[in-house]
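**Student:** Contents of coords03.cif (mmCIF, C-alpha atoms) are below:
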```cif
data_work
loop_
_atom_site.label_atom_id
_atom_site.label_comp_id
_atom_site.auth_asym_id
_atom_site.auth_seq_id
_atom_site.Cartn_x
_atom_site.Cartn_y
_atom_site.Cartn_z
CA MET A 757 -144.78 4.37 -63.51
CA LEU A 758 -143.42 1.99 -60.95
CA THR A 759 -146.61 2.00 -58.86
CA THR A 760 -145.68 -0.88 -56.56
CA VAL A 761 -142.24 0.49 -55.84
CA VAL A 762 -143.49 4.03 -55.20
CA GLU A 763 -146.37 2.85 -52.96
CA LYS A 764 -144.07 0.64 -50.93
CA LEU A 765 -141.55 3.46 -50.52
CA LYS A 766 -144.27 5.88 -49.47
CA SER A 767 -145.61 3.55 -46.80
CA GLN A 768 -142.12 2.65 -45.58
CA PHE A 769 -140.63 6.19 -45.54
CA PRO A 770 -143.52 8.66 -45.30
CA GLN A 771 -141.31 11.41 -43.88
CA SER A 772 -138.36 11.24 -46.28
CA ILE A 773 -140.02 11.40 -49.68
CA LEU A 774 -140.40 14.98 -50.88
CA ALA A 775 -141.79 14.46 -54.36
CA VAL A 776 -142.39 11.80 -56.98
CA LYS A 777 -142.14 12.86 -60.63
CA GLU A 778 -142.64 11.07 -63.88
CA PHE A 779 -141.36 12.16 -67.25
CA ARG A 780 -141.53 10.01 -70.39
CA GLY A 781 -142.00 6.87 -68.37
CA GLU A 782 -139.04 7.55 -66.08
CA THR A 783 -139.74 7.77 -62.36
CA THR A 784 -137.76 10.22 -60.24
CA ILE A 785 -138.05 10.38 -56.45
CA HIS A 786 -136.82 13.40 -54.50
CA LEU A 787 -135.56 12.47 -51.05
CA LYS A 788 -134.12 13.96 -47.90
CA LYS A 789 -130.41 13.30 -47.94
CA GLU A 790 -130.31 11.95 -44.36
CA GLN A 791 -132.39 8.91 -45.33
CA ILE A 792 -130.66 8.09 -48.62
CA VAL A 793 -128.80 5.06 -47.27
CA ASP A 794 -131.91 3.54 -45.65
CA VAL A 795 -133.98 4.08 -48.80
CA CYS A 796 -131.26 2.56 -50.98
CA LYS A 797 -130.98 -0.46 -48.69
CA PHE A 798 -134.73 -0.96 -48.85
CA LEU A 799 -134.78 -0.59 -52.65
CA ARG A 800 -132.04 -3.18 -52.98
CA ASN A 801 -133.49 -5.75 -50.56
CA ASP A 802 -137.26 -5.55 -51.13
CA VAL A 803 -138.79 -8.36 -53.24
CA ASP A 804 -140.72 -5.97 -55.49
CA CYS A 805 -137.84 -3.55 -55.97
CA GLN A 806 -134.58 -5.56 -56.21
CA PHE A 807 -132.53 -2.61 -57.46
CA ASN A 808 -129.31 -4.56 -57.25
CA TYR A 809 -127.35 -2.47 -59.75
CA CYS A 810 -126.35 1.13 -59.16
CA SER A 811 -125.70 2.15 -62.76
CA ASP A 812 -124.52 5.71 -62.08
CA ILE A 813 -124.26 8.47 -59.53
CA CYS A 814 -123.77 12.00 -60.76
CA GLY A 815 -124.08 15.57 -59.61
CA ALA A 816 -125.73 18.74 -60.86
CA ASP A 817 -125.20 22.41 -60.11
CA ALA A 818 -128.36 24.52 -60.31
CA TYR A 819 -126.45 27.66 -59.22
CA THR A 820 -129.28 28.79 -56.92
CA PRO A 821 -128.81 30.49 -53.52
CA GLU A 822 -130.44 27.55 -51.74
CA ASN A 823 -130.09 23.84 -52.44
CA ARG A 824 -127.48 24.55 -55.06
CA PHE A 825 -126.31 21.00 -55.74
CA GLU A 826 -128.05 17.76 -56.49
CA VAL A 827 -126.82 14.19 -56.30
CA ILE A 828 -128.60 11.87 -58.70
CA TYR A 829 -128.70 8.09 -58.32
CA ASN A 830 -129.67 5.98 -61.33
CA LEU A 831 -130.63 2.49 -60.25
CA TYR A 832 -131.48 -0.62 -62.24
CA SER A 833 -133.01 -3.90 -61.23
CA ILE A 834 -131.49 -6.74 -63.24
CA PRO A 835 -134.09 -9.39 -62.17
CA LEU A 836 -137.16 -7.14 -62.63
CA LYS A 837 -135.79 -5.04 -65.55
CA GLN A 838 -136.90 -1.72 -64.10
CA ARG A 839 -135.17 1.61 -63.56
CA ILE A 840 -135.58 4.34 -60.96
CA ARG A 841 -133.89 7.66 -60.30
CA LEU A 842 -133.33 9.19 -56.85
CA LYS A 843 -132.46 12.83 -56.27
CA VAL A 844 -131.02 14.48 -53.19
CA THR A 845 -130.32 18.19 -52.79
CA ILE A 846 -127.19 19.53 -51.14
CA ASP A 847 -126.87 23.06 -49.84
CA GLU A 848 -123.65 24.98 -50.34
CA SER A 849 -123.33 25.54 -46.57
CA ASP A 850 -123.19 21.78 -45.94
CA MET A 851 -121.44 19.91 -48.75
CA HIS A 852 -121.76 16.50 -47.11
CA CYS A 853 -123.82 13.58 -48.32
CA PRO A 854 -124.02 10.04 -46.91
CA SER A 855 -122.21 7.47 -49.02
CA VAL A 856 -124.10 4.49 -50.44
CA THR A 857 -120.97 2.33 -50.74
CA SER A 858 -122.34 0.20 -47.88
CA VAL A 859 -125.27 -0.73 -50.14
CA TRP A 860 -123.46 -1.05 -53.49
CA PRO A 861 -119.65 -1.30 -53.23
CA GLY A 862 -119.50 -0.24 -56.89
CA ALA A 863 -120.77 3.21 -55.92
CA GLU A 864 -117.27 4.13 -54.77
CA TRP A 865 -116.00 5.38 -58.12
CA PRO A 866 -119.11 7.30 -59.24
CA GLU A 867 -119.00 9.06 -55.86
CA ARG A 868 -115.34 9.88 -56.38
CA GLU A 869 -116.20 11.33 -59.77
CA THR A 870 -118.97 13.48 -58.29
CA TYR A 871 -116.58 14.65 -55.60
CA ASP A 872 -113.94 15.49 -58.20
CA MET A 873 -116.29 17.51 -60.39
CA PHE A 874 -118.57 19.19 -57.80
CA GLY A 875 -116.78 18.96 -54.45
CA ILE A 876 -119.55 17.04 -52.71
CA ILE A 877 -118.09 15.09 -49.80
CA PHE A 878 -119.50 11.58 -49.39
CA ASP A 879 -119.30 10.55 -45.74
CA GLY A 880 -118.41 6.88 -45.49
CA ASN A 881 -116.66 6.56 -48.85
CA LYS A 882 -113.30 5.02 -47.97
CA ASP A 883 -111.36 6.26 -50.99
CA LEU A 884 -112.57 9.77 -51.73
CA ARG A 885 -109.69 10.99 -53.90
CA ARG A 886 -109.60 13.02 -57.09
CA MET A 887 -110.46 10.97 -60.12
CA TYR A 888 -109.81 12.89 -63.38
CA MET A 889 -108.07 16.00 -62.15
CA PRO A 890 -104.56 16.01 -60.63
CA GLU A 891 -104.36 15.43 -56.87
CA GLU A 892 -103.17 18.96 -56.14
CA PHE A 893 -105.92 20.66 -58.16
CA GLU A 894 -107.96 23.03 -56.00
CA TYR A 895 -111.11 23.66 -58.03
CA TYR A 896 -114.20 21.72 -59.08
CA PRO A 897 -114.58 21.96 -62.86
CA LEU A 898 -118.29 21.17 -63.36
CA ARG A 899 -119.47 23.91 -61.01
CA LYS A 900 -121.23 26.70 -62.87
CA ASP A 901 -118.82 29.35 -61.57
CA PHE A 902 -115.76 27.53 -62.96
CA PRO A 903 -114.60 29.13 -66.24
CA LEU A 904 -114.63 26.82 -69.28
CA MET A 905 -110.96 27.45 -70.12
CA GLY A 906 -109.93 26.79 -66.53
CA ILE A 907 -107.91 28.90 -64.14
CA PRO A 908 -104.55 29.93 -65.60
CA ASP A 909 -101.54 28.16 -64.00
CA SER A 910 -103.78 26.01 -61.78
CA ILE A 911 -102.30 22.89 -63.42
CA PRO A 912 -98.53 23.14 -63.91
CA LEU A 913 -97.06 22.28 -67.33
CA PRO A 914 -93.56 20.85 -67.67
CA ARG A 915 -90.85 23.37 -68.51
CA LYS A 916 -90.11 23.89 -72.19
CA MET B 841 -63.07 18.99 -106.44
CA GLY B 842 -59.62 17.62 -106.89
CA LEU B 843 -60.31 14.28 -105.24
CA GLU B 844 -63.26 13.50 -107.47
CA HIS B 845 -61.16 14.35 -110.43
CA ALA B 846 -58.48 11.95 -109.23
CA PHE B 847 -60.89 9.04 -108.53
CA GLY B 848 -63.11 9.56 -111.52
CA ASP B 849 -66.53 7.84 -111.42
CA THR B 850 -65.51 5.28 -108.83
CA ALA B 851 -66.04 7.54 -105.76
CA ILE B 852 -68.06 10.56 -104.67
CA THR B 853 -67.05 12.99 -101.98
CA THR B 854 -69.32 14.74 -99.49
CA THR B 855 -69.20 16.27 -96.04
CA ILE B 856 -69.46 13.90 -93.10
CA ASP B 857 -72.52 15.80 -91.80
CA SER B 858 -74.36 15.42 -95.02
CA ALA B 859 -73.61 11.68 -95.15
CA ILE B 860 -74.74 11.15 -91.56
CA ASN B 861 -77.91 13.16 -92.08
CA TRP B 862 -78.66 11.09 -95.17
CA CYS B 863 -78.38 7.95 -93.04
CA ARG B 864 -80.51 9.42 -90.26
CA LYS B 865 -83.31 10.58 -92.48
CA ASN B 866 -83.69 7.15 -94.04
CA SER B 867 -83.91 5.30 -90.75
CA VAL B 868 -86.09 7.36 -88.46
CA TRP B 869 -87.19 5.26 -85.50
CA PRO B 870 -90.50 6.61 -84.22
CA MET B 871 -91.71 6.42 -80.66
CA PRO B 872 -95.47 6.05 -81.19
CA LEU B 873 -97.58 7.91 -78.65
CA GLY B 874 -101.09 7.09 -79.81
CA ILE B 875 -103.03 8.72 -76.99
CA SER B 876 -106.38 8.94 -78.78
CA CYS B 877 -108.10 8.44 -82.13
CA CYS B 878 -105.15 9.72 -84.20
CA GLY B 879 -103.39 6.58 -82.98
CA ILE B 880 -105.61 4.48 -85.28
CA GLU B 881 -104.51 6.48 -88.34
CA MET B 882 -100.94 6.23 -87.10
CA MET B 883 -101.31 2.43 -87.09
CA ALA B 884 -102.70 2.53 -90.62
CA PHE B 885 -99.66 4.58 -91.60
CA ALA B 886 -97.46 1.71 -90.42
CA MET B 887 -99.54 -1.03 -92.07
CA PRO B 888 -98.94 -2.43 -95.58
CA ARG B 889 -101.50 -0.28 -97.40
CA PHE B 890 -99.64 2.96 -96.68
CA ASP B 891 -96.42 1.27 -95.62
CA VAL B 892 -94.07 3.61 -93.86
CA ALA B 893 -91.31 1.06 -94.49
CA ARG B 894 -90.90 2.68 -97.91
CA PHE B 895 -89.42 5.65 -96.05
CA GLY B 896 -87.33 3.60 -93.65
CA ALA B 897 -89.35 4.51 -90.54
CA GLU B 898 -91.06 1.17 -89.93
CA VAL B 899 -89.21 0.33 -86.71
CA PHE B 900 -91.71 1.52 -84.11
CA ARG B 901 -89.89 1.47 -80.81
CA PHE B 902 -91.97 1.36 -77.67
CA SER B 903 -88.98 2.53 -75.72
CA PRO B 904 -87.97 6.19 -75.86
CA ARG B 905 -84.34 5.17 -75.31
CA GLN B 906 -84.21 3.60 -78.76
CA SER B 907 -86.09 6.16 -80.81
CA ASP B 908 -85.42 9.54 -82.34
CA LEU B 909 -88.88 10.69 -83.46
CA LEU B 910 -91.67 11.36 -81.00
CA LEU B 911 -94.98 10.93 -82.79
CA VAL B 912 -97.59 12.53 -80.54
CA ALA B 913 -100.89 11.28 -81.95
CA GLY B 914 -103.80 12.48 -79.89
CA THR B 915 -105.36 14.87 -77.43
CA THR B 916 -102.84 15.81 -74.76
CA THR B 917 -104.39 16.66 -71.43
CA TYR B 918 -102.59 18.56 -68.69
CA LYS B 919 -102.25 15.32 -66.75
CA MET B 920 -100.70 13.59 -69.77
CA ALA B 921 -98.38 16.52 -70.58
CA THR B 922 -95.97 15.52 -67.81
CA VAL B 923 -95.79 11.98 -69.21
CA VAL B 924 -95.23 13.19 -72.79
CA ARG B 925 -92.46 15.49 -71.62
CA LYS B 926 -90.84 12.70 -69.60
CA ILE B 927 -90.83 10.41 -72.64
CA TYR B 928 -89.33 13.19 -74.74
CA ASP B 929 -86.62 13.84 -72.16
CA GLN B 930 -85.66 10.16 -72.17
CA MET B 931 -85.01 10.14 -75.91
CA PRO B 932 -81.38 10.47 -77.02
CA ASP B 933 -80.29 13.40 -79.19
CA PRO B 934 -80.77 14.21 -82.01
CA LYS B 935 -84.55 13.95 -81.79
CA TRP B 936 -87.57 15.28 -83.57
CA VAL B 937 -91.25 15.73 -82.74
CA ILE B 938 -94.30 15.43 -84.99
CA ALA B 939 -97.54 16.87 -83.59
CA MET B 940 -100.20 14.81 -85.33
CA GLY B 941 -103.71 16.20 -85.66
CA ALA B 942 -105.68 19.23 -84.58
CA CYS B 943 -105.82 18.38 -80.85
CA THR B 944 -102.10 17.87 -80.50
CA SER B 945 -101.22 20.96 -82.52
CA SER B 946 -103.73 23.40 -81.06
CA GLY B 947 -106.15 21.72 -78.67
CA GLY B 948 -108.50 21.25 -81.63
CA MET B 949 -112.15 20.99 -80.77
CA TYR B 950 -111.32 20.54 -77.09
CA ARG B 951 -111.26 24.19 -76.13
CA THR B 952 -111.53 23.36 -72.45
CA TYR B 953 -109.78 23.43 -69.10
CA SER B 954 -108.35 19.93 -69.21
CA VAL B 955 -106.63 19.95 -72.62
CA VAL B 956 -103.30 21.63 -73.40
CA GLN B 957 -103.94 24.04 -76.27
CA GLY B 958 -101.06 22.77 -78.39
CA ILE B 959 -98.13 20.63 -77.26
CA ASP B 960 -95.71 23.36 -78.37
CA GLN B 961 -96.42 24.90 -74.96
CA PHE B 962 -94.09 22.35 -73.42
CA LEU B 963 -92.28 20.61 -76.34
CA PRO B 964 -90.30 21.88 -79.33
CA VAL B 965 -92.37 20.66 -82.29
CA ASP B 966 -90.79 20.15 -85.73
CA ILE B 967 -93.78 19.30 -87.90
CA TYR B 968 -97.50 19.93 -87.36
CA VAL B 969 -99.96 17.72 -89.20
CA ALA B 970 -103.41 19.11 -89.99
CA GLY B 971 -106.57 17.00 -89.87
CA CYS B 972 -108.97 15.45 -87.40
CA PRO B 973 -107.65 12.83 -87.59
CA PRO B 974 -105.17 13.29 -90.46
CA ARG B 975 -105.21 10.65 -93.18
CA PRO B 976 -102.18 8.36 -93.21
CA ASP B 977 -101.13 10.04 -96.49
CA ASN B 978 -100.91 13.30 -94.62
CA LEU B 979 -98.70 11.73 -91.99
CA LEU B 980 -96.49 10.26 -94.72
CA HIS B 981 -96.18 13.75 -96.15
CA ALA B 982 -95.15 14.99 -92.70
CA LEU B 983 -92.50 12.28 -92.53
CA MET B 984 -91.17 13.30 -95.95
CA MET B 985 -91.01 16.91 -94.82
CA LEU B 986 -89.20 15.80 -91.70
CA GLN B 987 -86.71 13.89 -93.84
CA GLU B 988 -85.94 17.07 -95.74
CA LYS B 989 -85.47 18.83 -92.43
CA ILE B 990 -83.14 16.11 -91.14
CA GLN B 991 -81.11 16.29 -94.35
CA ARG B 992 -80.65 20.01 -93.72
CA GLY B 993 -79.36 19.10 -90.25
CA GLU B 994 -82.11 20.91 -88.37
CA SER B 995 -83.85 19.92 -85.19
CA ARG B 996 -85.92 21.98 -82.81
CA SER B 997 -84.59 19.95 -79.89
CA THR B 998 -81.30 21.85 -79.91
CA PRO B 999 -81.56 25.64 -79.93
CA MET B 1000 -81.03 27.08 -83.40
CA THR B 1001 -78.15 29.43 -83.96
CA VAL B 1002 -79.04 32.99 -84.90
CA ALA B 1003 -77.96 32.39 -88.48
CA ALA B 1004 -80.04 29.21 -88.77
CA GLU B 1005 -83.07 30.96 -87.32
CA LYS B 1006 -82.72 33.70 -89.91
CA MET B 1007 -82.38 31.18 -92.72
CA GLU B 1008 -85.46 29.31 -91.51
CA GLN B 1009 -87.47 32.52 -91.46
CA GLN B 1010 -86.37 33.40 -94.97
CA ARG B 1011 -87.29 29.93 -96.17
CA LEU B 1012 -90.77 30.19 -94.62
CA LEU B 1013 -91.14 33.60 -96.21
CA GLN B 1014 -90.31 32.16 -99.61
CA ILE B 1015 -92.77 29.29 -99.21
CA GLN B 1016 -95.71 31.12 -97.75
CA GLY B 1017 -95.11 34.75 -98.63
CA VAL B 1018 -95.91 35.60 -95.01
CA ASN B 1019 -93.83 38.03 -93.04
CA TYR B 1020 -93.26 36.87 -89.46
#
```
If you convert what's in this file into C-alpha cells, what do you get?
**Tutor:**
Amino acid sequence: MLTTVVEKLKSQFPQSILAVKEFRGETTIHLKKEQIVDVCKFLRNDVDCQFNYCSDICGADAYTPENRFEVIYNLYSIPLKQRIRLKVTIDESDMHCPSVTSVWPGAEWPERETYDMFGIIFDGNKDLRRMYMPEEFEYYPLRKDFPLMGIPDSIPLPRK
Amino acid sequence: MGLEHAFGDTAITTTIDSAINWCRKNSVWPMPLGISCCGIEMMAFAMPRFDVARFGAEVFRFSPRQSDLLLVAGTTTYKMATVVRKIYDQMPDPKWVIAMGACTSSGGMYRTYSVVQGIDQFLPVDIYVAGCPPRPDNLLHALMMLQEKIQRGESRSTPMTVAAEKMEQQRLLQIQGVNY
C-alpha cells in the first residue's frame, strides 16, 4: 500500500476521493471525474509521488443503468518505482471526461484509443480521432451491446 | 504431326499457348504481402533452406506493377482489405492469388468484427493454403499446384468460360469425390 501517497492525496483532495482499494498489493483510487486533472497534476509534481509516466489509459463497460463506463489510469513513477491506478466513472447521459494531456502529453493516444473503443469524449484532447477503426465507422466495438461479429455492412469491402 | 515427321528429332511442335504458359509457370514473380506472422514463413520459403528459386519464383517484387502472383500472407482486416484490393488491381494480367494460412483463407481464429472472414470476399483466390501458419513446404506445394494451374492456362482473375467452369468442377469431383 502506498500509504504516503494515499494520505497526501486524502489531505489534499478530501472531497474528490470516493474510495481507496487494495488488491494484491495494487492500489486503486476511485475519484470524481471533475477533479481528475488536478489530482493527476498533484501526483506528477509532488515529491513523494512523482508519477511522471502515464503507462496506460483504458476504458471499461460495466453495462449498468448508472455509471456505465469507467476510465482507468495506470500511472508509474520512474524515480520512486511505484505504481498507482485511478478510476473515474462516466454515466451514459454525459459521455465527457476531462483530458489529462495537459499533464502527460503522451496520454493523447491512449485517450484516442478509449474514445475509439468506448465513445468516451475527452475534453481538451486536441486530436480525438478514431484510432483502429475506419474514420467513417459509427459504432464503438468494446461496448457490451456491440455484437462480436460486428454490424453487417458497417465497414465497406472493395468490390469483387 | 506432319511437321515433326519432317524435322525428325531436331524440333518439337506445340501450341503457342502451351509454350507461353510453360514459360510463365517457371518464372512466377510474387508480390509478397506479409501482413502478419505468415510473413515469417513466407520469408523462410524464399530463403536457401526451402529455396523457392528451385521453382523459378525467387524474384520477390515489392512493386505490384512488376509481379503476377499476389501472396497474401496474414490476417486481413477490413481496413487492410482496401489496400490489398488496390495492390491487386495494380498488377498486370494475367495474375494469380495465393491465400496463405487460416486467417487469410477464412478469418481463422479471428472470428471478430475487425477481420474479413476470408479474402475471397473481395478477391478471386486461386490457391488456399492450410495451416496457422503453414510450413514453408506447404507453401511450396501451393506454388507447385499453381504452376499446374498456370500450365492449364487458368486464372481466377479473368472470368472462366462456361466450358472451363464445367471442366474445373469435374476435375474437383474426380479429386475429392465431392459433388458441388
**Student:** List the residues matched by the PyMOL selection byres ((chain B) within 8 of (chain A)) in the displayed structure as a PDB file with C-alpha atoms, in the frame of the given file, ordered by chain and then by residue number.
**Tutor:**
```pdb
ATOM      1  CA  TYR B 918    -102.590  18.560 -68.690  1.00  0.00           C
ATOM      2  CA  LYS B 919    -102.250  15.320 -66.750  1.00  0.00           C
ATOM      3  CA  ALA B 921     -98.380  16.520 -70.580  1.00  0.00           C
ATOM      4  CA  THR B 922     -95.970  15.520 -67.810  1.00  0.00           C
ATOM      5  CA  ARG B 925     -92.460  15.490 -71.620  1.00  0.00           C
ATOM      6  CA  ARG B 951    -111.260  24.190 -76.130  1.00  0.00           C
ATOM      7  CA  THR B 952    -111.530  23.360 -72.450  1.00  0.00           C
ATOM      8  CA  TYR B 953    -109.780  23.430 -69.100  1.00  0.00           C
ATOM      9  CA  SER B 954    -108.350  19.930 -69.210  1.00  0.00           C
ATOM     10  CA  GLN B 961     -96.420  24.900 -74.960  1.00  0.00           C
ATOM     11  CA  PHE B 962     -94.090  22.350 -73.420  1.00  0.00           C
ATOM     12  CA  LEU B 963     -92.280  20.610 -76.340  1.00  0.00           C
ATOM     13  CA  PRO B 964     -90.300  21.880 -79.330  1.00  0.00           C
TER      14      PRO B 964
END
```
**Student:** Once the PyMOL selection byres ((chain A and resi 758) around 12) has been evaluated on this model, what residues remain selected, and can you format them as a list in words?
**Tutor:**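 Evaluating the PyMOL selection byres ((chain A and resi 758) around 12) on these coordinates yields Met757, Thr759, Thr760, Val761, Val762, Glu763, Lys764, Leu765, Val776, Lys777, Glu778, Gly781, Glu782, Thr783, Thr784, Ile785, Asp804, Cys805, Ser833, Leu836, Lys837, Gln838, Arg839, Ile840 and Arg841 of chain A.
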**Student:** What would the selection look like, as number ranges by chain, if the PyMOL selection byres ((chain B and resi 991) around 12) were run on the coordinates I just shared?
**Tutor:** B: 856-868, 984-990, 992-995
**Student:** Which residue, B:Val924, B:Ala982, B:Ile875, B:Ala846, has the smallest gap to Cys943 of chain B when you use only C-alpha atoms?
**Tutor:** B:Ile875
**Student:** Find the residues around Phe798 of chain A up to 12 Å (all atoms listed in the file counted), leave out those fewer than 2 positions away in its own chain, and share them as a list of chain:residue names.
**Tutor:**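 Surrounding residues, per the criterion: A:Val761, A:Val762, A:Lys764, A:Leu765, A:Lys766, A:Ser767, A:Gln768, A:Phe769, A:Gln791, A:Ile792, A:Val793, A:Asp794, A:Val795, A:Cys796, A:Arg800, A:Asn801, A:Asp802, A:Val803, A:Asp804, A:Cys805, A:Gln806, A:Phe807, A:Asn808, A:Val859.
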**Student:** Find the residue from B:Val937, B:Ala851, B:Leu983, B:Val965 that sits nearest to Ser907 of chain B; use only C-alpha atoms when measuring.
**Tutor:**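 Closest to Ser907 of chain B, using only C-alpha atoms: B:Val937.
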